[in-house]
file data.cif (mmCIF, C-alpha atoms)
data_start
loop_
_atom_site.label_atom_id
_atom_site.label_comp_id
_atom_site.auth_asym_id
_atom_site.auth_seq_id
_atom_site.Cartn_x
_atom_site.Cartn_y
_atom_site.Cartn_z
CA MET A 233 105.51 142.69 -113.98
CA SER A 234 105.76 145.90 -111.98
CA ARG A 235 106.96 145.80 -108.39
CA PRO A 236 104.43 146.85 -105.75
CA ASN A 237 105.10 150.20 -104.14
CA THR A 238 105.52 150.82 -100.42
CA ARG A 239 101.90 151.92 -99.99
CA THR A 240 100.64 148.70 -101.62
CA LEU A 241 102.84 146.60 -99.31
CA SER A 242 101.58 148.46 -96.28
CA LEU A 243 97.98 147.90 -97.31
CA ARG A 244 98.65 144.23 -97.88
CA ALA A 245 100.33 143.95 -94.47
CA LEU A 246 97.36 145.63 -92.81
CA SER A 247 94.97 143.33 -94.62
CA LEU A 248 96.96 140.29 -93.50
CA LYS A 249 96.99 141.51 -89.89
CA ALA A 250 93.27 142.12 -90.04
CA ALA A 251 92.67 138.63 -91.43
CA LEU A 252 94.82 137.07 -88.72
CA LEU A 253 93.12 139.12 -86.02
CA GLY A 254 89.72 138.11 -87.37
CA ALA A 255 90.73 134.47 -87.33
CA LEU A 256 91.98 134.75 -83.76
CA LEU A 257 88.84 136.55 -82.66
CA GLY A 258 86.76 133.93 -84.38
CA THR A 259 88.59 131.21 -82.51
CA ALA A 260 88.26 133.12 -79.25
CA THR A 261 84.53 133.45 -79.72
CA LEU A 262 84.25 129.73 -80.35
CA LEU A 263 86.20 128.66 -77.25
CA PRO A 264 83.69 129.85 -74.63
CA ALA A 265 80.89 128.19 -76.58
CA ALA A 266 82.81 124.90 -76.59
CA ALA A 267 83.58 125.23 -72.88
CA GLN A 268 79.93 125.81 -72.13
CA ALA A 269 78.53 123.11 -74.39
CA ASP A 270 76.09 120.78 -72.66
CA GLU A 271 78.71 118.12 -72.09
CA GLN A 272 80.47 116.96 -68.92
CA TYR A 273 83.85 115.38 -69.55
CA PHE A 274 85.39 112.45 -67.65
CA PRO A 275 89.10 112.00 -68.44
CA LEU A 276 89.97 108.33 -67.93
CA GLN A 277 93.57 107.44 -67.11
CA SER A 278 92.94 103.81 -67.83
CA TYR A 279 95.17 100.77 -68.16
CA ARG A 280 94.22 97.93 -70.46
CA VAL A 281 97.65 96.37 -70.90
CA GLY A 282 100.31 95.19 -68.45
CA PRO A 283 100.23 93.11 -65.26
CA TYR A 284 97.20 94.95 -63.86
CA ALA A 285 95.09 94.95 -67.01
CA ALA A 286 92.39 92.74 -65.48
CA GLY A 287 91.59 95.42 -62.91
CA GLY A 288 91.77 98.22 -65.44
CA THR A 289 89.61 96.63 -68.12
CA GLY A 290 86.97 95.57 -65.60
CA PHE A 291 86.80 98.83 -63.66
CA PHE A 292 86.93 101.24 -66.58
CA GLY A 293 84.62 98.95 -68.54
CA GLY A 294 82.02 99.21 -65.78
CA PHE A 295 82.51 102.96 -65.44
CA ILE A 296 82.01 103.50 -69.18
CA ASP A 297 79.03 101.12 -69.26
CA TYR A 298 77.26 103.20 -66.60
CA LEU A 299 78.01 106.51 -68.34
CA THR A 300 76.70 104.98 -71.56
CA LEU A 301 73.53 103.83 -69.79
CA VAL A 302 72.87 107.32 -68.42
CA ASN A 303 73.38 108.87 -71.86
CA ASN A 304 71.21 106.33 -73.69
CA ARG A 305 68.45 106.06 -71.10
CA ASP A 306 68.28 109.62 -69.76
CA GLY A 307 69.97 111.74 -72.39
CA GLY A 308 72.74 112.46 -69.89
CA VAL A 309 72.26 114.26 -66.58
CA ASN A 310 69.43 116.78 -66.92
CA GLY A 311 70.23 117.20 -70.59
CA VAL A 312 74.00 117.40 -70.13
CA LYS A 313 75.67 114.62 -72.11
CA LEU A 314 78.47 112.68 -70.42
CA THR A 315 81.64 112.37 -72.48
CA TRP A 316 84.98 110.67 -71.88
CA ASP A 317 88.14 109.48 -73.48
CA GLU A 318 90.88 107.10 -72.37
CA CYS A 319 94.61 107.66 -72.01
CA GLU A 320 96.62 104.46 -71.50
CA THR A 321 98.86 104.56 -68.41
CA GLN A 322 99.88 100.91 -68.10
CA TYR A 323 99.52 101.66 -64.35
CA GLU A 324 102.76 103.68 -64.52
CA VAL A 325 103.03 106.98 -62.65
CA GLU A 326 104.92 108.82 -65.38
CA ARG A 327 102.36 107.86 -68.01
CA GLY A 328 99.53 108.80 -65.66
CA VAL A 329 100.98 112.27 -65.14
CA GLU A 330 101.45 112.69 -68.90
CA CYS A 331 97.79 111.76 -69.40
CA TYR A 332 96.75 114.30 -66.77
CA LYS A 333 98.68 117.10 -68.48
CA ARG A 334 97.16 116.18 -71.83
CA GLN A 335 93.56 115.62 -70.76
CA LYS A 336 93.12 118.49 -68.33
CA ASN A 337 93.04 121.00 -71.18
CA ARG A 338 89.70 119.78 -72.41
CA PRO A 339 86.74 121.84 -71.18
CA GLY A 340 84.18 120.57 -68.71
CA VAL A 341 86.40 118.22 -66.65
CA ALA A 342 84.19 116.63 -64.00
CA ALA A 343 86.56 114.44 -61.98
CA TRP A 344 89.69 112.31 -62.19
CA ASN A 345 89.50 108.57 -61.51
CA PRO A 346 92.98 107.05 -62.08
CA LEU A 347 92.52 103.87 -59.98
CA SER A 348 96.20 103.99 -59.05
CA VAL A 349 97.73 105.00 -55.74
CA GLY A 350 100.98 106.11 -57.37
CA ILE A 351 99.28 108.24 -60.01
CA ALA A 352 96.88 109.70 -57.45
CA TYR A 353 99.73 110.71 -55.12
CA ALA A 354 101.45 112.43 -58.04
CA MET A 355 98.28 114.41 -58.86
CA ILE A 356 97.29 115.69 -55.40
CA ASP A 357 99.00 119.08 -55.66
CA ASP A 358 97.94 119.57 -59.28
CA VAL A 359 94.23 118.95 -58.73
CA GLY A 360 94.27 121.50 -55.93
CA ARG A 361 95.71 124.11 -58.26
CA ASP A 362 93.41 123.13 -61.12
CA LYS A 363 90.37 122.84 -58.83
CA ALA A 364 89.07 119.48 -60.01
CA PRO A 365 88.18 116.52 -57.75
CA LEU A 366 90.39 113.44 -57.59
CA ILE A 367 88.46 110.24 -56.82
CA THR A 368 90.41 107.36 -55.28
CA VAL A 369 87.64 104.85 -54.70
CA ASN A 370 88.73 102.13 -52.24
CA HIS A 371 92.35 103.38 -52.21
CA GLY A 372 94.59 106.43 -51.91
CA ARG A 373 95.99 108.41 -49.00
CA THR A 374 94.21 107.51 -45.80
CA ASP A 375 94.52 111.05 -44.42
CA SER A 376 92.80 112.47 -47.51
CA THR A 377 89.63 111.29 -45.75
CA ASP A 378 89.95 114.59 -43.87
CA GLY A 379 88.39 116.97 -46.38
CA ARG A 380 89.20 119.95 -44.17
CA VAL A 381 92.77 119.61 -45.50
CA PHE A 382 92.40 117.63 -48.74
CA LYS A 383 89.67 119.69 -50.37
CA TYR A 384 89.84 118.03 -53.79
CA VAL A 385 90.66 114.40 -52.90
CA PHE A 386 87.96 111.80 -52.20
CA PRO A 387 88.89 108.24 -51.10
CA LEU A 388 85.26 107.16 -51.53
CA LEU A 389 83.76 104.07 -49.86
CA LEU A 390 86.92 102.77 -48.21
CA ASN A 391 90.36 104.00 -47.24
CA PRO A 392 93.30 101.70 -46.40
CA TYR A 393 92.96 102.15 -42.64
CA SER A 394 89.21 101.54 -42.49
CA GLU A 395 89.77 98.50 -44.69
CA SER A 396 92.33 97.16 -42.21
CA SER A 397 90.01 97.83 -39.28
CA GLY A 398 87.16 96.08 -41.10
CA ILE A 399 89.31 93.02 -41.77
CA VAL A 400 90.41 92.78 -38.13
CA ASN A 401 86.79 93.21 -37.00
CA TYR A 402 85.78 90.36 -39.32
CA ILE A 403 88.55 88.08 -38.04
CA GLY A 404 87.47 88.93 -34.49
CA ALA A 405 83.87 88.00 -35.31
CA ARG A 406 85.05 84.67 -36.74
CA GLU A 407 86.93 83.98 -33.52
CA GLY A 408 83.91 84.81 -31.36
CA GLY A 409 84.72 88.40 -30.45
CA LEU A 410 87.53 90.92 -30.70
CA GLU A 411 88.73 89.96 -27.22
CA LYS A 412 89.52 86.49 -28.62
CA LEU A 413 92.23 87.99 -30.83
CA LYS A 414 94.58 88.25 -27.85
CA GLY A 415 97.49 85.88 -28.37
CA LYS A 416 96.65 85.19 -32.03
CA LYS A 417 99.14 85.62 -34.88
CA ILE A 418 98.29 87.50 -38.08
CA ALA A 419 100.63 87.83 -41.06
CA VAL A 420 100.12 90.62 -43.62
CA LEU A 421 101.47 89.81 -47.07
CA TYR A 422 101.66 93.12 -48.90
CA HIS A 423 102.48 94.38 -52.39
CA GLY A 424 105.84 96.18 -52.45
CA SER A 425 104.46 99.58 -53.48
CA PRO A 426 103.13 102.72 -51.77
CA TYR A 427 99.69 101.09 -51.89
CA GLY A 428 100.91 97.93 -50.19
CA LYS A 429 102.97 99.73 -47.55
CA GLU A 430 100.21 102.17 -46.60
CA THR A 431 98.78 99.94 -43.86
CA ILE A 432 101.98 98.93 -42.03
CA PRO A 433 101.38 101.41 -39.15
CA ILE A 434 97.68 100.62 -38.71
CA TYR A 435 98.24 96.88 -38.41
CA GLN A 436 100.86 97.57 -35.74
CA LEU A 437 98.35 99.75 -33.88
CA LEU A 438 95.53 97.20 -34.20
CA ALA A 439 97.87 94.47 -32.94
CA GLU A 440 98.72 96.56 -29.88
CA LYS A 441 95.05 97.33 -29.21
CA TYR A 442 93.75 93.77 -29.48
CA GLY A 443 96.79 91.84 -28.30
CA PHE A 444 97.65 89.83 -31.40
CA SER A 445 101.11 89.64 -32.94
CA VAL A 446 101.62 90.78 -36.52
CA GLU A 447 104.23 89.80 -39.09
CA GLN A 448 104.33 92.04 -42.19
CA VAL A 449 105.91 90.46 -45.28
CA GLU A 450 106.67 92.35 -48.48
CA VAL A 451 106.31 90.88 -51.97
CA PRO A 452 108.24 92.82 -54.63
CA HIS A 453 106.32 94.04 -57.71
CA PRO A 454 104.71 92.40 -59.60
CA GLY A 455 104.60 89.34 -57.32
CA ASN A 456 105.39 86.42 -59.63
CA GLU A 457 107.68 84.77 -57.09
CA GLN A 458 106.64 84.29 -53.45
CA GLN A 459 108.21 81.00 -52.35
CA SER A 460 110.49 82.51 -49.70
CA GLN A 461 107.70 84.64 -48.25
CA TRP A 462 105.36 81.69 -47.83
CA LEU A 463 108.08 79.49 -46.38
CA SER A 464 108.59 82.23 -43.78
CA ILE A 465 104.84 82.24 -43.09
CA ARG A 466 104.85 78.47 -42.71
CA ARG A 467 107.62 78.73 -40.11
CA THR A 468 105.81 81.35 -38.01
CA LYS A 469 102.43 79.53 -38.32
CA PRO A 470 100.03 82.51 -38.17
CA ASP A 471 96.34 81.96 -37.47
CA TYR A 472 95.43 84.18 -40.45
CA VAL A 473 97.15 85.76 -43.42
CA VAL A 474 95.87 89.09 -44.75
CA LEU A 475 96.58 89.32 -48.48
CA ARG A 476 97.18 92.92 -49.61
CA GLY A 477 97.92 92.08 -53.22
CA TRP A 478 97.25 93.43 -56.68
CA GLY A 479 97.14 91.83 -60.09
CA VAL A 480 99.22 88.72 -60.71
CA MET A 481 100.41 88.68 -57.09
CA ASN A 482 97.07 87.33 -55.86
CA PRO A 483 96.66 84.01 -57.72
CA VAL A 484 100.38 83.36 -57.18
CA ALA A 485 99.86 83.88 -53.43
CA LEU A 486 96.96 81.42 -53.31
CA LYS A 487 98.80 78.75 -55.31
CA THR A 488 101.99 79.16 -53.28
CA ALA A 489 100.01 78.98 -50.02
CA GLN A 490 98.58 75.66 -51.15
CA LYS A 491 102.08 74.36 -51.95
CA VAL A 492 103.34 75.13 -48.45
CA GLY A 493 100.18 73.77 -46.83
CA PHE A 494 98.52 76.98 -45.63
CA PRO A 495 94.70 76.68 -45.81
CA ALA A 496 92.84 79.09 -48.13
CA ASP A 497 90.04 79.64 -45.62
CA ARG A 498 92.57 81.28 -43.31
CA ILE A 499 93.60 83.83 -45.94
CA ILE A 500 91.64 87.10 -45.92
CA GLY A 501 92.05 89.25 -49.02
CA ASN A 502 91.89 93.02 -49.08
CA VAL A 503 89.77 95.06 -51.49
CA TRP A 504 92.28 94.70 -54.35
CA SER A 505 92.54 90.94 -53.86
CA ASN A 506 88.85 90.15 -54.17
CA SER A 507 88.10 89.63 -57.86
CA GLU A 508 87.36 86.69 -60.11
CA GLU A 509 90.66 87.41 -61.86
CA ASP A 510 92.41 86.78 -58.54
CA VAL A 511 90.85 83.40 -57.83
CA ILE A 512 90.02 81.70 -61.15
CA PRO A 513 93.70 81.44 -62.24
CA ALA A 514 94.48 79.86 -58.85
CA GLY A 515 92.08 76.97 -59.48
CA ASP A 516 91.39 74.71 -56.50
CA ALA A 517 93.91 76.64 -54.40
CA ALA A 518 91.39 79.49 -54.11
CA LYS A 519 88.43 77.48 -52.84
CA GLY A 520 87.42 78.74 -49.39
CA TYR A 521 89.36 82.00 -49.75
CA THR A 522 87.61 85.07 -48.25
CA ALA A 523 87.98 88.75 -49.19
CA ILE A 524 86.59 92.13 -48.19
CA THR A 525 84.49 94.12 -50.66
CA THR A 526 82.54 97.37 -50.86
CA GLN A 527 80.20 96.06 -53.54
CA ALA A 528 78.72 92.68 -54.29
CA SER A 529 79.36 90.68 -57.44
CA GLY A 530 76.66 89.31 -59.72
CA ALA A 531 74.43 90.69 -62.48
CA GLU A 532 71.05 90.27 -60.78
CA TYR A 533 70.80 93.89 -59.61
CA PRO A 534 68.37 96.12 -61.56
CA VAL A 535 71.09 98.53 -62.70
CA LEU A 536 73.09 95.60 -64.08
CA GLN A 537 70.03 94.27 -65.86
CA GLU A 538 69.48 97.69 -67.44
CA ILE A 539 73.07 97.75 -68.64
CA VAL A 540 72.76 94.25 -70.10
CA LYS A 541 69.56 95.19 -71.95
CA ALA A 542 70.11 98.82 -72.96
CA VAL A 543 73.89 98.93 -73.40
CA TYR A 544 75.06 95.44 -74.38
CA GLY A 545 71.77 94.77 -76.13
CA ALA A 546 72.48 97.78 -78.33
CA GLY A 547 76.03 96.61 -79.03
CA LYS A 548 77.56 99.44 -76.99
CA GLY A 549 78.99 97.48 -74.05
CA ASN A 550 82.61 98.11 -73.16
CA LEU A 551 83.65 94.63 -72.04
CA ASP A 552 84.94 92.36 -74.80
CA ASP A 553 84.12 89.30 -72.71
CA LYS A 554 80.45 89.44 -71.72
CA LYS A 555 81.08 86.75 -69.09
CA ARG A 556 82.72 89.48 -67.02
CA ILE A 557 79.46 91.43 -66.70
CA GLY A 558 78.67 91.52 -62.97
CA SER A 559 82.20 90.59 -61.94
CA VAL A 560 83.83 92.34 -59.00
CA TYR A 561 85.86 94.88 -61.00
CA HIS A 562 83.02 95.53 -63.44
CA ASN A 563 80.60 96.16 -60.58
CA LEU A 564 83.08 98.44 -58.83
CA GLY A 565 83.29 100.47 -62.04
CA ILE A 566 79.50 100.69 -62.15
CA VAL A 567 79.31 101.80 -58.51
CA ASN A 568 82.04 104.36 -59.18
CA GLY A 569 80.01 105.57 -62.15
CA ILE A 570 76.96 105.95 -59.91
CA LEU A 571 78.96 108.00 -57.40
CA ASN A 572 80.43 110.29 -60.07
CA VAL A 573 77.12 110.83 -61.85
CA GLU A 574 75.21 111.48 -58.62
CA ALA A 575 77.84 114.03 -57.57
CA VAL A 576 77.23 115.84 -60.87
CA ARG A 577 73.47 115.63 -60.36
CA ILE A 578 73.69 116.99 -56.82
CA ALA A 579 75.95 119.83 -57.95
CA GLN A 580 73.54 120.69 -60.77
CA ASP A 581 70.77 121.11 -58.21
CA LYS A 582 72.81 123.95 -56.71
CA PHE A 583 74.63 125.49 -59.67
CA GLY A 584 72.28 124.84 -62.57
CA LYS A 585 71.56 122.14 -65.12
CA ARG A 586 74.56 122.86 -67.30
CA THR A 587 78.20 121.93 -67.77
CA LEU A 588 79.82 122.37 -64.38
CA THR A 589 83.31 123.42 -63.39
CA GLY A 590 85.53 120.97 -61.55
CA ASP A 591 85.13 123.01 -58.38
CA GLU A 592 81.35 122.81 -58.65
CA VAL A 593 81.54 119.02 -59.08
CA ARG A 594 83.82 118.94 -56.02
CA TRP A 595 80.96 120.56 -54.10
CA GLY A 596 78.69 117.80 -55.38
CA PHE A 597 81.03 115.15 -54.03
CA GLU A 598 81.14 116.90 -50.65
CA HIS A 599 77.35 116.57 -50.54
CA LEU A 600 77.16 113.04 -51.92
CA ARG A 601 74.67 111.46 -49.55
CA LEU A 602 73.07 108.29 -50.85
CA ASP A 603 71.06 106.46 -48.21
CA PRO A 604 69.78 102.90 -48.80
CA LYS A 605 66.50 104.29 -50.19
CA ARG A 606 68.31 106.33 -52.84
CA VAL A 607 70.62 103.39 -53.60
CA GLU A 608 67.53 101.27 -54.23
CA ALA A 609 66.04 103.95 -56.50
CA LEU A 610 69.24 103.80 -58.55
CA GLY A 611 68.74 100.08 -59.06
CA ALA A 612 71.68 99.20 -56.81
CA LYS A 613 70.04 97.76 -53.67
CA GLY A 614 72.37 95.10 -52.33
CA LEU A 615 75.08 96.08 -54.81
CA PHE A 616 76.48 98.58 -52.31
CA HIS A 617 75.22 99.88 -48.98
CA SER A 618 75.29 103.69 -48.78
CA ILE A 619 77.59 106.68 -48.68
CA ASN A 620 77.52 109.90 -46.66
CA VAL A 621 80.26 112.33 -47.69
CA SER A 622 80.84 115.64 -45.93
CA VAL A 623 83.44 118.38 -45.73
CA ALA A 624 85.09 116.61 -42.80
CA ASN A 625 84.71 113.07 -44.15
CA HIS A 626 85.62 112.50 -47.80
CA GLU A 627 85.36 108.72 -47.48
CA GLY A 628 81.68 108.67 -46.67
CA GLU A 629 81.39 106.26 -43.72
CA GLY A 630 80.92 103.35 -46.08
CA ARG A 631 80.27 99.81 -45.02
CA VAL A 632 82.05 96.64 -46.15
CA THR A 633 81.07 93.02 -46.43
CA PHE A 634 83.00 89.79 -46.91
CA GLN A 635 82.67 87.20 -49.65
CA GLN A 636 84.01 83.67 -49.96
CA TRP A 637 84.97 81.86 -53.15
CA ASP A 638 83.27 78.47 -53.45
CA GLY A 639 85.23 77.41 -56.51
CA ALA A 640 82.74 78.86 -59.00
CA LYS A 641 81.41 82.14 -57.60
CA TRP A 642 81.60 84.55 -54.68
CA LYS A 643 79.18 84.07 -51.80
CA VAL A 644 78.55 86.82 -49.21
CA VAL A 645 79.42 85.51 -45.74
CA SER A 646 78.92 88.54 -43.49
CA ASP A 647 76.65 91.47 -42.78
CA TRP A 648 77.75 95.00 -43.68
CA ILE A 649 80.53 95.87 -41.23
CA ALA A 650 81.67 99.31 -40.04
CA PRO A 651 85.28 100.13 -39.17
CA ASP A 652 86.36 101.48 -35.79
CA TRP A 653 85.90 105.21 -36.44
CA ALA A 654 86.67 106.19 -32.85
CA LEU A 655 90.12 104.63 -33.25
CA LEU A 656 90.80 105.80 -36.80
CA ARG A 657 89.65 109.42 -36.85
CA PRO A 658 92.30 110.81 -34.45
CA ILE A 659 95.03 109.06 -36.49
CA ILE A 660 93.65 110.48 -39.73
CA GLU A 661 93.45 114.01 -38.31
CA LYS A 662 96.94 113.88 -36.83
CA SER A 663 98.38 112.97 -40.22
CA SER A 664 96.26 115.42 -42.23
CA LEU A 665 97.03 118.34 -39.90
CA ALA A 666 100.74 117.58 -40.16
CA TYR A 667 100.37 117.62 -43.96
CA ALA A 668 98.54 120.95 -43.76
CA ALA A 669 101.27 122.48 -41.60
CA GLU A 670 104.00 121.20 -43.92
CA HIS A 671 102.31 122.53 -47.07
CA GLY A 672 100.88 125.75 -45.66
CA ILE A 673 97.27 124.67 -46.15
CA LYS A 674 94.54 126.50 -44.27
CA VAL A 675 92.34 123.95 -42.50
CA ARG A 676 88.71 124.47 -43.40
CA ASP A 677 85.94 124.80 -40.82
CA PRO A 678 83.19 122.30 -41.77
CA ALA A 679 80.49 124.27 -39.96
CA ALA A 680 81.45 127.49 -41.74
CA GLU A 681 81.61 125.69 -45.07
CA GLU A 682 78.14 124.23 -44.62
CA ALA A 683 76.75 127.59 -43.46
CA SER A 684 78.14 129.32 -46.55
CA ASN A 685 76.39 126.81 -48.77
#

call {"tool": "encode", "arguments": {"input": "data.cif", "output": "structure tokens"}}
result
Amino acid sequence: MSRPNTRTLSLRALSLKAALLGALLGTATLLPAAAQADEQYFPLQSYRVGPYAAGGTGFFGGFIDYLTLVNNRDGGVNGVKLTWDECETQYEVERGVECYKRQKNRPGVAAWNPLSVGIAYAMIDDVGRDKAPLITVNHGRTDSTDGRVFKYVFPLLLNPYSESSGIVNYIGAREGGLEKLKGKKIAVLYHGSPYGKETIPIYQLLAEKYGFSVEQVEVPHPGNEQQSQWLSIRRTKPDYVVLRGWGVMNPVALKTAQKVGFPADRIIGNVWSNSEEDVIPAGDAAKGYTAITTQASGAEYPVLQEIVKAVYGAGKGNLDDKKRIGSVYHNLGIVNGILNVEAVRIAQDKFGKRTLTGDEVRWGFEHLRLDPKRVEALGAKGLFHSINVSVANHEGEGRVTFQQWDGAKWKVVSDWIAPDWALLRPIIEKSSLAYAAEHGIKVRDPAAEEASN
């Protein structure tokens, strides 16, 4: 066989370069088409294993069930199909960050919903750079309520400080008025994590304002052992205990309270201590226990009935245990799905009925205004109250209610209650402005932002 000459080699090299260039150009021409496909992507940093799996499976199950309903019933949002995938975090910050780095490269990211304070804190700077909204429904940094500073972070429905204010307002109502709190004792039993410690300053402030004394007691993660904490509570004899728990900590708290003789009807749970998974394992020790919530439990709401019929009826439901349909975590996931989808819908009204950028969806969240009439039209009347997000307020001035466990189900025992905004807003702004100064963030002018829109 004769050896190829130099000219033949050169021609072959040129041909190979041309082929490679053609392949690269072909790929390049495909990428914009994929990025602009009529799909809106929701990356889910979920957790279905570990000590907090009950919350993760319920919440992400409800979220996925609602996205599935919108796809099956409506063909997506104005023809744009909703897509998602899950990345298991086990509720660990490092895993959550790894998931973020992996999932953010997919086109059409709508919003991040990690349902983890630790993971959310770790993502705040990144979402600002990547221009995609971070949703921390019912949790997260309190000062991220100030959207003038935290442009891409949305603690929708409830932040830790408004939750604390709502709980104190409820206790005051039970006592016959906030003025009756003077001289009372309240203990706060909190999860030993950034989430649990978030409210230490606000309970001190509320105690000073209303004249009650407060004892704040930490329970190390995950909360399997609480004997010493409850013996301390028994010695101080508080009038109420606020339970700021998460996962296995909650049923252990209720059972240990019963052992030391503290009545369940004097324990008020926070928004992450309000699920069936918190009370059923505690058995009789949970009867009479009360907790705050942003959404009701139960499957009687029209949107739940649609999900039962159109999603589970078609064999596409996400929950393995159908008895959990309408549970607290499942319903929170559905409400969160409603908020995310409506933000996309609102943004489409401005930017076009197409796949949106993360920044465009962020605009949708900043204009997420669902009054009770719109909530009813979505089949969610009574499931949650309303939301009114703005540039200045990324929480949305939500309302809370309280439910009591009767041994078999939750029963609503209060009207919708508002927190003390006059007290909270200056605290939020002081913290957010300090954050802005520290990080060199230009504070946005809400009026100018609205005028430009």

call {"tool": "closest_residue", "arguments": {"input": "data.cif", "among": "A:Tyr435, A:Trp637, A:Tyr442, A:Tyr422", "to": "Ser529 of chain A", "atoms": "all atoms listed in the file"}}
result
A:Trp637

call {"tool": "closest_residue", "arguments": {"input": "data.cif", "among": "A:Leu276, A:Asp306, A:Gly443, A:Pro392", "to": "Lys336 of chain A", "atoms": "all atoms listed in the file"}}
result
A:Leu276

call {"tool": "resolve_selection", "arguments": {"input": "data.cif", "expression": "the PyMOL selection byres ((chain A and resi 295) around 6)", "output": "list of chain:residue names"}}
result
A:Phe292, A:Gly293, A:Gly294, A:Ile296, A:Asp297, A:Tyr298, A:Gly565, A:Ile566, A:Gly569

call {"tool": "closest_residue", "arguments": {"input": "data.cif", "among": "A:Lys582, A:Lys313, A:Arg577, A:Arg406", "to": "Val645 of chain A", "atoms": "all atoms listed in the file"}}
result
A:Arg406

call {"tool": "resolve_selection", "arguments": {"input": "data.cif", "expression": "the PyMOL selection byres ((chain A and resi 586) around 9)", "output": "compact mmCIF listing (two decimals) with C-alpha atoms, in the coordinates of the input"}}
result
# COMPACT_ATOMS: atom_id res chain seq x y z
CA GLN A 268 79.93 125.81 -72.13
CA ALA A 269 78.53 123.11 -74.39
CA ASP A 270 76.09 120.78 -72.66
CA GLU A 271 78.71 118.12 -72.09
CA GLN A 272 80.47 116.96 -68.92
CA VAL A 309 72.26 114.26 -66.58
CA ASN A 310 69.43 116.78 -66.92
CA GLY A 311 70.23 117.20 -70.59
CA VAL A 312 74.00 117.40 -70.13
CA GLN A 580 73.54 120.69 -60.77
CA PHE A 583 74.63 125.49 -59.67
CA GLY A 584 72.28 124.84 -62.57
CA LYS A 585 71.56 122.14 -65.12
CA THR A 587 78.20 121.93 -67.77
CA LEU A 588 79.82 122.37 -64.38

call {"tool": "atom_distance", "arguments": {"input": "data.cif", "atom1": "atom CA of Ser684 of chain A", "atom2": "atom CA of Val593 of chain A"}}
result
16.6 Å

call {"tool": "residues_around", "arguments": {"input": "data.cif", "residues": "Ile499 of chain A", "least_positions_apart": "2", "cutoff": "8 Å", "atoms": "all atoms listed in the file", "output": "short mmCIF file (atom, residue, chain, number, x, y, z; two decimals) with C-alpha atoms, keeping the file's coordinate frame"}}
result
data_model
loop_
_atom_site.label_atom_id
_atom_site.label_comp_id
_atom_site.auth_asym_id
_atom_site.auth_seq_id
_atom_site.Cartn_x
_atom_site.Cartn_y
_atom_site.Cartn_z
CA TYR A 472 95.43 84.18 -40.45
CA VAL A 473 97.15 85.76 -43.42
CA VAL A 474 95.87 89.09 -44.75
CA LEU A 475 96.58 89.32 -48.48
CA PRO A 495 94.70 76.68 -45.81
CA ALA A 496 92.84 79.09 -48.13
CA ASP A 497 90.04 79.64 -45.62
CA GLY A 501 92.05 89.25 -49.02
CA TYR A 521 89.36 82.00 -49.75
CA THR A 522 87.61 85.07 -48.25
#

call {"tool": "residues_around", "arguments": {"input": "data.cif", "residues": "Ser507 of chain A", "least_positions_apart": "3", "cutoff": "12 Å", "atoms": "all atoms listed in the file", "output": "count of residues only"}}
result
43

call {"tool": "resolve_selection", "arguments": {"input": "data.cif", "expression": "the PyMOL selection byres ((chain A and resi 369) around 7)", "output": "NGL selection string"}}
result
:A and (367-368 or 370-371 or 387-390)

call {"tool": "atom_distance", "arguments": {"input": "data.cif", "atom1": "atom CA of Ser397 of chain A", "atom2": "atom CA of Asp652 of chain A"}}
result
6.2 Å

call {"tool": "atom_distance", "arguments": {"input": "data.cif", "atom1": "atom CA of Phe616 of chain A", "atom2": "atom CA of Ala640 of chain A"}}
result
21.7 Å

call {"tool": "closest_residue", "arguments": {"input": "data.cif", "among": "A:Gly520, A:Gly307, A:Gly428, A:Gly328", "to": "Lys643 of chain A", "atoms": "only C-alpha atoms"}}
result
A:Gly520

call {"tool": "residues_around", "arguments": {"input": "data.cif", "residues": "Ala489 of chain A", "least_positions_apart": "2", "cutoff": "10 Å", "atoms": "all atoms listed in the file", "output": "CSV table (one decimal) with C-alpha atoms, keeping the file's coordinate frame"}}
result
chain,number,residue,atom,x,y,z
A,458,GLN,CA,106.6,84.3,-53.4
A,459,GLN,CA,108.2,81.0,-52.4
A,461,GLN,CA,107.7,84.6,-48.2
A,462,TRP,CA,105.4,81.7,-47.8
A,463,LEU,CA,108.1,79.5,-46.4
A,465,ILE,CA,104.8,82.2,-43.1
A,466,ARG,CA,104.8,78.5,-42.7
A,473,VAL,CA,97.2,85.8,-43.4
A,483,PRO,CA,96.7,84.0,-57.7
A,484,VAL,CA,100.4,83.4,-57.2
A,485,ALA,CA,99.9,83.9,-53.4
A,486,LEU,CA,97.0,81.4,-53.3
A,487,LYS,CA,98.8,78.8,-55.3
A,491,LYS,CA,102.1,74.4,-52.0
A,492,VAL,CA,103.3,75.1,-48.4
A,493,GLY,CA,100.2,73.8,-46.8
A,494,PHE,CA,98.5,77.0,-45.6
A,495,PRO,CA,94.7,76.7,-45.8
A,496,ALA,CA,92.8,79.1,-48.1
A,499,ILE,CA,93.6,83.8,-45.9
A,517,ALA,CA,93.9,76.6,-54.4
A,518,ALA,CA,91.4,79.5,-54.1

call {"tool": "closest_residue", "arguments": {"input": "data.cif", "among": "A:Val573, A:Val535, A:Met481, A:Ala579", "to": "Leu421 of chain A", "atoms": "all atoms listed in the file"}}
result
A:Met481

call {"tool": "closest_residue", "arguments": {"input": "data.cif", "among": "A:Val540, A:Ile660, A:Ala680, A:Leu413", "to": "Arg373 of chain A", "atoms": "all atoms listed in the file"}}
result
A:Ile660
